[in-house]
Amino acid sequence: MTPTVETMSDARADDLRTLMHRLNNQLGVILAHAELLEAKSPDERHRERATQVVTAALQAMSLTREIRTTLAESE
């Protein structure tokens, strides 16, 4: 049986929040580099690829916020 947020210990919930924070930080680094690549792209093809990475990083960051919010509401 998979534990739900309600059955997790406080320490485990804190660990999960820490992991989500670390993930969000890494996504921020990816986003910053992708935005730089997007701005400095030599041609449209490279710019479009960088834009896809920017979009994916923003979506992933939004997902981490959503997960953190869900965890906070479950406590």
# chains A, B, ... in the order shown; residues from 1 in each chain; ligands from 1
$ residues_around --residues "segment 17-25 of chain A" --least-positions-apart "6" --cutoff "12 Å" --atoms "only C-alpha atoms" --output "MDAnalysis selection string"
chainID A and resid 5 10:11 31:32 57:72
$ select_by_dssp --residues "chain A" --states "alpha helix (DSSP H)" --output "PyMOL selection string"
chain A and resi 10-40+44-74
$ closest_residue --among "A:Leu27, A:Asp14, A:Glu75, A:Glu38" --to "Ala56 of chain A" --atoms "only C-alpha atoms"
A:Leu27
$ atom_distance --atom1 "atom CA of Glu48 of chain A" --atom2 "atom CA of Val29 of chain A"
19.0 Å
$ closest_residue --among "A:Glu73, A:Glu35, A:Lys40, A:Leu16" --to "Val53 of chain A" --atoms "only C-alpha atoms"
A:Glu35
$ atom_distance --atom1 "atom CA of Val54 of chain A" --atom2 "atom CA of Asp15 of chain A"
27.5 Å
$ atom_distance --atom1 "atom CA of Ser74 of chain A" --atom2 "atom CA of Ser9 of chain A"
12.4 Å
$ residues_around --residues "Leu37 of chain A" --least-positions-apart "3" --cutoff "8 Å" --atoms "only C-alpha atoms" --output "list in words"
His33, Ala34, Lys40, Ser41, Arg47 and Ala50 of chain A
